[in-house]
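> The following file, input02.cif, comprises mmCIF, C-alpha atoms:
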```cif
data_entry
loop_
_atom_site.label_atom_id
_atom_site.label_comp_id
_atom_site.auth_asym_id
_atom_site.auth_seq_id
_atom_site.Cartn_x
_atom_site.Cartn_y
_atom_site.Cartn_z
CA PRO A 1 0.00 0.00 0.00
CA GLU A 2 2.79 2.49 0.73
CA HIS A 3 3.97 2.21 -2.89
CA ARG A 4 0.39 2.43 -4.24
CA PHE A 5 0.77 -0.23 -6.90
CA LEU A 6 -1.24 -3.34 -7.66
CA ILE A 7 0.07 -6.53 -9.23
CA SER A 8 -3.10 -7.39 -11.13
CA GLY A 9 -2.13 -10.45 -13.16
CA ASP A 10 -4.94 -10.91 -15.68
CA HIS A 11 -7.52 -9.10 -13.54
CA ILE A 12 -6.95 -5.71 -15.16
CA LEU A 13 -5.21 -5.50 -18.52
CA GLU A 14 -4.58 -2.58 -20.88
CA GLY A 15 -5.84 -2.76 -24.45
CA ILE A 16 -7.69 -6.05 -24.03
CA SER A 17 -10.26 -7.36 -21.61
CA SER A 18 -9.69 -10.38 -19.42
CA ASN A 19 -11.46 -13.54 -20.52
CA ILE A 20 -14.28 -13.73 -17.99
CA THR A 21 -15.65 -17.20 -18.42
CA SER A 22 -18.11 -19.43 -16.68
CA TRP A 23 -16.85 -22.21 -14.44
CA LEU A 24 -19.05 -24.91 -13.00
CA GLY A 25 -20.31 -23.84 -9.61
CA THR A 26 -19.37 -20.14 -9.86
CA GLY A 27 -22.84 -18.87 -10.73
CA ASP A 28 -22.52 -15.28 -11.91
CA SER A 29 -18.80 -15.08 -12.70
CA LEU A 30 -19.17 -11.78 -14.56
CA GLY A 31 -21.00 -10.29 -11.59
CA LEU A 32 -18.17 -11.43 -9.30
CA TYR A 33 -15.62 -9.89 -11.66
CA LEU A 34 -17.48 -6.57 -11.76
CA GLU A 35 -17.71 -6.57 -7.95
CA SER A 36 -13.96 -7.14 -7.75
CA LEU A 37 -13.38 -4.21 -10.11
CA ASP A 38 -15.47 -2.06 -7.76
CA LYS A 39 -13.28 -3.13 -4.83
CA VAL A 40 -10.09 -2.24 -6.71
CA ASP A 41 -11.62 1.06 -7.83
CA LYS A 42 -11.90 2.11 -4.17
CA MET A 43 -8.19 1.52 -3.57
CA ASP A 44 -5.60 4.26 -3.76
CA ILE A 45 -3.51 2.93 -6.66
CA ASP A 46 -1.00 4.86 -8.78
CA LEU A 47 0.25 1.99 -10.92
CA ILE A 48 -1.10 -1.37 -12.04
CA LEU A 49 1.38 -4.07 -12.97
CA PRO A 50 -0.61 -6.42 -15.24
CA GLY A 51 0.26 -9.95 -16.29
CA HIS A 52 0.76 -8.82 -19.91
CA ARG A 53 0.88 -5.74 -22.06
CA GLU A 54 1.72 -2.28 -20.79
CA LEU A 55 1.65 -0.77 -17.32
CA ILE A 56 -1.54 1.04 -16.32
CA HIS A 57 -1.06 4.48 -14.80
CA ASP A 58 -4.73 5.44 -14.47
CA CYS A 59 -6.50 2.68 -12.59
CA ARG A 60 -9.91 4.37 -12.43
CA ARG A 61 -9.93 5.14 -16.15
CA ARG A 62 -9.14 1.54 -17.03
CA ILE A 63 -11.73 0.12 -14.64
CA ALA A 64 -14.36 2.46 -16.10
CA GLU A 65 -13.40 1.29 -19.62
CA LEU A 66 -13.68 -2.37 -18.62
CA LYS A 67 -17.07 -1.86 -16.98
CA HIS A 68 -18.29 0.00 -20.06
CA HIS A 69 -17.00 -2.83 -22.28
CA HIS A 70 -19.01 -5.39 -20.34
CA GLU A 71 -22.13 -3.21 -20.41
CA ARG A 72 -21.83 -3.04 -24.21
CA ARG A 73 -21.35 -6.82 -24.29
CA LEU A 74 -24.46 -7.37 -22.18
CA GLU A 75 -26.45 -5.14 -24.50
CA GLU A 76 -25.09 -7.04 -27.50
CA VAL A 77 -26.19 -10.36 -25.97
CA ARG A 78 -29.67 -8.98 -25.19
CA ASN A 79 -29.98 -7.83 -28.82
CA ILE A 80 -28.84 -11.21 -30.15
CA LEU A 81 -31.50 -12.96 -28.07
CA LYS A 82 -34.19 -10.68 -29.51
CA THR A 83 -33.76 -12.71 -32.71
CA GLY A 84 -34.80 -15.90 -30.89
CA ALA A 85 -33.90 -18.33 -28.14
CA MET A 86 -30.55 -20.09 -28.54
CA ASP A 87 -27.71 -21.83 -26.75
CA ALA A 88 -24.49 -20.12 -25.67
CA PHE A 89 -22.46 -21.46 -28.60
CA ASN A 90 -24.83 -19.82 -31.07
CA VAL A 91 -24.86 -16.58 -29.06
CA ALA A 92 -21.03 -16.56 -29.11
CA GLY A 93 -21.08 -17.12 -32.87
CA ARG A 94 -23.16 -13.96 -33.33
CA MET A 95 -21.12 -11.76 -30.99
CA HIS A 96 -18.48 -9.36 -32.28
CA TRP A 97 -14.93 -10.47 -31.52
CA ASP A 98 -11.76 -8.49 -32.16
CA LEU A 99 -10.09 -11.32 -34.02
CA SER A 100 -8.87 -11.49 -37.60
CA TYR A 101 -11.28 -14.15 -38.85
CA SER A 102 -14.02 -13.32 -41.32
CA SER A 103 -16.54 -15.75 -39.82
CA TRP A 104 -17.29 -17.82 -36.73
CA GLU A 105 -16.62 -20.98 -38.75
CA GLU A 106 -12.99 -19.86 -39.26
CA PHE A 107 -12.33 -19.47 -35.52
CA PRO A 108 -9.96 -22.16 -34.21
CA ASP A 109 -11.60 -24.50 -31.70
CA PHE A 110 -9.71 -23.01 -28.75
CA GLN A 111 -10.98 -19.50 -29.65
CA LYS A 112 -14.53 -20.83 -29.89
CA TRP A 113 -14.04 -22.36 -26.43
CA PHE A 114 -12.92 -19.03 -24.93
CA ALA A 115 -15.66 -17.10 -26.75
CA THR A 116 -18.40 -19.50 -25.67
CA GLY A 117 -17.19 -19.40 -22.06
CA GLU A 118 -17.29 -15.61 -22.15
CA ALA A 119 -20.76 -15.67 -23.73
CA ILE A 120 -21.96 -17.98 -20.94
CA ALA A 121 -20.57 -15.58 -18.31
CA HIS A 122 -22.56 -12.73 -19.86
CA LEU A 123 -25.67 -14.88 -20.25
CA ASP A 124 -25.45 -16.03 -16.61
CA HIS A 125 -25.12 -12.41 -15.49
CA LEU A 126 -28.27 -11.51 -17.41
CA VAL A 127 -30.06 -14.52 -15.89
CA ALA A 128 -28.94 -13.41 -12.40
CA GLY A 129 -30.38 -9.95 -13.12
CA ASN A 130 -33.66 -11.45 -14.38
CA SER A 131 -33.13 -9.91 -17.84
CA ILE A 132 -33.26 -13.26 -19.62
CA ILE A 133 -34.31 -16.81 -18.79
CA LYS A 134 -32.39 -20.07 -19.02
CA ILE A 135 -34.07 -23.42 -19.58
CA LYS A 136 -32.74 -26.89 -20.20
CA LYS A 137 -34.02 -28.42 -23.42
CA ASP A 138 -32.80 -31.63 -25.02
CA GLY A 139 -29.74 -31.67 -22.73
CA LYS A 140 -28.68 -28.07 -23.55
CA PHE A 141 -29.25 -24.75 -21.86
CA ILE A 142 -31.24 -22.36 -24.00
CA TYR A 143 -31.47 -18.62 -23.30
CA SER A 144 -34.26 -16.24 -24.25
CA PRO A 145 -35.58 -12.82 -23.24
CA ALA A 146 -37.51 -12.81 -19.95
#
```
Produce structure tokens that represent the structure in this file.

Amino acid sequence: PEHRFLISGDHILEGISSNITSWLGTGDSLGLYLESLDKVDKMDIDLILPGHRELIHDCRRRIAELKHHHERRLEEVRNILKTGAMDAFNVAGRMHWDLSYSSWEEFPDFQKWFATGEAIAHLDHLVAGNSIIKIKKDGKFIYSPA
């Protein structure tokens, strides 16, 4: 605390967002991540030492950017579901990703895995906030507007 720096690992990164994914038993992992950003935002930090990329000199700016990014993502997911109920893999395939592939079909399997996990985290957050519903149908979870 006397040096006012935070070793953030992958928690807060510059230029990219951390991959917030869903893990069995975590419930609302995006909600937990956003709560942790709020905790860090209350700290008196002059410098963030991330796990990759460049140092972050304005902690509050970067946290605000990350929270805004996830709000845009949540809105994107809500808009995707307005087209009809679907599983997380299909939601992920319709989301915008900053990758150099022209279509979802071109994504390597490991990128689809990360993207689908992130989509599930956003879907679970919307379920937790009662914005959408989640039902199990034919062995899969399907999401639709509430």
> Find the distance between atom CA of A:Gly25 and atom CA of A:Ile120 and write it in Å to one decimal.
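Atom-to-atom, atom CA of A:Gly25 and atom CA of A:Ile120 are spaced 12.9 Å apart.
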> Give as a ChimeraX atom specification the residues that the PyMOL selection byres ((chain A and resi 1) around 12) matches when applied to the coordinates above.
/A:2-7,43-47
> Those same residues, written as a PDB file, in the coordinates of the input with C-alpha atoms?

```pdb
ATOM      1  CA  GLU A   2       2.790   2.490   0.730  1.00  0.00           C
ATOM      2  CA  HIS A   3       3.970   2.210  -2.890  1.00  0.00           C
ATOM      3  CA  ARG A   4       0.390   2.430  -4.240  1.00  0.00           C
ATOM      4  CA  PHE A   5       0.770  -0.230  -6.900  1.00  0.00           C
ATOM      5  CA  LEU A   6      -1.240  -3.340  -7.660  1.00  0.00           C
ATOM      6  CA  ILE A   7       0.070  -6.530  -9.230  1.00  0.00           C
ATOM      7  CA  MET A  43      -8.190   1.520  -3.570  1.00  0.00           C
ATOM      8  CA  ASP A  44      -5.600   4.260  -3.760  1.00  0.00           C
ATOM      9  CA  ILE A  45      -3.510   2.930  -6.660  1.00  0.00           C
ATOM     10  CA  ASP A  46      -1.000   4.860  -8.780  1.00  0.00           C
ATOM     11  CA  LEU A  47       0.250   1.990 -10.920  1.00  0.00           C
TER      12      LEU A  47
END
```
> What gap, in Å, lies between atom CA of A:Lys42 and atom CA of A:Trp23?
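Computing the Euclidean distance for atom CA of A:Lys42 and atom CA of A:Trp23 yields 26.9 Å.
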> Tell me, as a PyMOL selection string, which residues lie within 8 Å of stretch 100-114 of chain A, counting only C-alpha atoms; anything in the same chain fewer than 6 positions away does not count.
chain A and resi 19+21+92-94
> Could you please determine the separation between atom CA of A:Ile135 and atom CA of A:Lys67 in Å, to one decimal place?
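Pair atom CA of A:Ile135 / atom CA of A:Lys67 returns 27.6 Å.
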> Could you check which of A:Leu13, A:Thr83, A:Pro50, A:Ser36 is closest to A:Arg62, using all atoms listed in the file?
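Selected residue with least distance to A:Arg62: A:Leu13.
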> Kindly indicate which residue among A:Ser22, A:Phe89, A:Ser131, A:Ile12 lies nearest to A:Arg61, using only C-alpha atoms for the distances.
A:Ile12
> What would the list of residues within 9 Å of (-24.3, -19.6, -15.0) (file frame) look like as a PyMOL selection string, if all atoms listed in the file are what count?
chain A and resi 22-29+120-125+127-128
> Please provide the set of residues having any atom within 12 Å of A:Gly9, restricted to all atoms listed in the file, with same-chain residues fewer than 4 positions apart removed, written as a PDB file with C-alpha atoms, in the frame of the given file.

```pdb
ATOM      1  CA  LEU A  13      -5.210  -5.500 -18.520  1.00  0.00           C
ATOM      2  CA  GLU A  14      -4.580  -2.580 -20.880  1.00  0.00           C
ATOM      3  CA  SER A  18      -9.690 -10.380 -19.420  1.00  0.00           C
ATOM      4  CA  ILE A  48      -1.100  -1.370 -12.040  1.00  0.00           C
ATOM      5  CA  LEU A  49       1.380  -4.070 -12.970  1.00  0.00           C
ATOM      6  CA  PRO A  50      -0.610  -6.420 -15.240  1.00  0.00           C
ATOM      7  CA  GLY A  51       0.260  -9.950 -16.290  1.00  0.00           C
ATOM      8  CA  HIS A  52       0.760  -8.820 -19.910  1.00  0.00           C
ATOM      9  CA  ARG A  53       0.880  -5.740 -22.060  1.00  0.00           C
ATOM     10  CA  GLU A  54       1.720  -2.280 -20.790  1.00  0.00           C
ATOM     11  CA  LEU A  55       1.650  -0.770 -17.320  1.00  0.00           C
ATOM     12  CA  ILE A  56      -1.540   1.040 -16.320  1.00  0.00           C
TER      13      ILE A  56
END
```
> Expand the PyMOL selection byres ((chain A and resi 76) around 12) into the explicit residue set it covers here, and present it as a list in words.
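For this structure, the PyMOL selection byres ((chain A and resi 76) around 12) captures His69, His70, Glu71, Arg72, Arg73, Leu74, Glu75, Val77, Arg78, Asn79, Ile80, Leu81, Lys82, Thr83, Val91, Ala92, Arg94, Met95, His96, Trp97, Ala119, His122, Leu123 and Leu126 of chain A.
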> I need the residue nearest A:Lys134 from this list: A:Leu99, A:Leu32, A:Met86, A:Ala115. Use all atoms listed in the file for the distance.
A:Met86
